[in-house]
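In what follows, a single structure is set out as structure tokens and then discussed.
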Amino acid sequence: MFLAVLMTSNSELGPYARYCLARFVLRFSEGESTGHSTKQMASCFGVSEQVMSASLRALVASGVLICRSEQLAGKRGPASQLYRISPEWAKGQPGQYHEAAIADMLQRPRTNVVSAPLNYPPEIEGEDAVVERAKARGRAVGKTRQPGRVSNVNRLVMAVLLCRADRLGAVRDLGLAELSKLTGLTGDQASNRIKTLRAAGLIRSYIPGATSSTLFRPTKSAYFLNLGHPEIAAAW
């Protein structure tokens, strides 16, 4: 069911709410969050309590989650807030090849990883420049960055791409505008995330789509994912 959640666009949800929603469905499926406070869910999902609280409010306001209050037996104080996925959002699941890899990547702790070799074909230009710029940015900010760590939002972007990828990791039918809708990012933010994922080795190459042409019809972007990357390959 979490695949259907990932592939449903909702303009009211930002990237953190979408990430928390995917983790919620992976943890509770169609059941309730009984026994889990906001703080406990935040710890389980790898986000701050503030992000978890804001995400739950956004998900309830948009009708994705249903919330009810209940005074649990043997517990004093305010009633507990219990959440469950709305039945409308639990319908359907797109067929694809990488469900286990998506679930594993979303749930894995954010530890440092070593990128797999990229092995770019010679006709792809600009990859080395992207990597060097990323390294330079990391050196410039010093200890504020943790190289090799994949952020939660970047995991969300990769999860959406994997939902649309074929067996070899090629995504040929997902434009940047649609990717933005599915992740809650703006166009510029989504483009920057793609650059970051390329620099990290999770995306081997990216061919931007063309919105207009005098010779050919408009084309969507193409992404070639690195299925051998440790963040993805661990699930195989």
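Here, A, B, ... name the chains of the structure tokens in the order displayed, residue numbers run from 1 inside each chain, and ligands are numbered from 1 in the same displayed order.
All residues of protein, DNA or RNA that reach within 10 Å of Ala22 (chain A), judged by only C-alpha atoms and not counting those fewer than 5 positions away in the chain, are Met1, Phe2, Leu3, Ala4, Val5, Leu6, Tyr16, Ala17, Arg27, Ser29, Phe45, Ala103, Leu106, Gln107, Leu156 and Ala159 of chain A.
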* To do: Find the residue from A:Lys220, A:Arg198, A:Arg18, A:Arg172 that sits nearest to Ala58 (chain A); use only C-alpha atoms when measuring.
  => A:Arg18
* Structure fact -> Here CA of Leu225 (chain A) and CA of Thr8 (chain A) stand apart by 21.3 Å
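Put simply, CA of Phe224 (chain A) is 17.8 Å away from CA of Ser180 (chain A).
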* Contacts of Thr34 (chain A) within 7 Å, only C-alpha atoms, excl. fewer than 2 positions in-chain, as an NGL selection string -> :A and (32 or 36 or 82)
Restricting it to N, CA and C atoms, dump the selection as a PDB file, in the first residue's frame.
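Saved as part33.pdb:
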```pdb
ATOM      1  N   GLU A  32      -4.062   1.227  13.316  1.00  0.00           N
ATOM      2  CA  GLU A  32      -3.893   2.484  14.051  1.00  0.00           C
ATOM      3  C   GLU A  32      -2.530   2.546  14.721  1.00  0.00           C
ATOM      4  N   HIS A  36       1.872   4.351  20.239  1.00  0.00           N
ATOM      5  CA  HIS A  36       2.971   5.166  19.740  1.00  0.00           C
ATOM      6  C   HIS A  36       2.608   6.645  19.849  1.00  0.00           C
ATOM      7  N   LEU A  82      -4.778   8.880  18.258  1.00  0.00           N
ATOM      8  CA  LEU A  82      -4.532   7.686  17.448  1.00  0.00           C
ATOM      9  C   LEU A  82      -4.784   8.021  15.980  1.00  0.00           C
TER      10      LEU A  82
END
```
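Going from CA of Ala190 (chain A) to CA of Leu176 (chain A) covers 7.2 Å.
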* **Test item: residues at most 7 Å from Ser33 (chain A), only C-alpha atoms, excluding those fewer than 5 positions along its chain, as a PyMOL selection string** => chain A and resi 28+82-84
* Asked: Nearest to Ala233 (chain A): which of A:Ile102, A:Ala199, A:Val171, A:Val160 is it, counting only C-alpha atoms?
  -> A:Ile102
* Show which residues sit within 7 Å of region 37-39 of chain A, as a PyMOL selection string. Count only C-alpha atoms, and ignore same-chain residues fewer than 5 positions away. => chain A and resi 49+52-53
How about saving the chosen residues, N, CA and C atoms kept, as an mmCIF file, in the first residue's frame?
```
data_model
loop_
_atom_site.group_PDB
_atom_site.id
_atom_site.type_symbol
_atom_site.label_atom_id
_atom_site.label_comp_id
_atom_site.auth_asym_id
_atom_site.auth_seq_id
_atom_site.Cartn_x
_atom_site.Cartn_y
_atom_site.Cartn_z
ATOM 1 N N GLU A 49 10.800 15.667 16.624
ATOM 2 C CA GLU A 49 9.423 15.663 17.113
ATOM 3 C C GLU A 49 8.624 16.802 16.489
ATOM 4 N N MET A 52 7.608 15.732 13.034
ATOM 5 C CA MET A 52 6.568 14.710 13.122
ATOM 6 C C MET A 52 5.222 15.347 13.459
ATOM 7 N N SER A 53 5.201 16.270 14.399
ATOM 8 C CA SER A 53 3.952 16.930 14.793
ATOM 9 C C SER A 53 3.372 17.724 13.634
#
```
* To do: Please identify which residues in region 8-71 of chain A DSSP calls helix (DSSP H, G or I) from the backbone, and express them as a PyMOL selection string.
  => chain A and resi 15-28+38-45+49-61
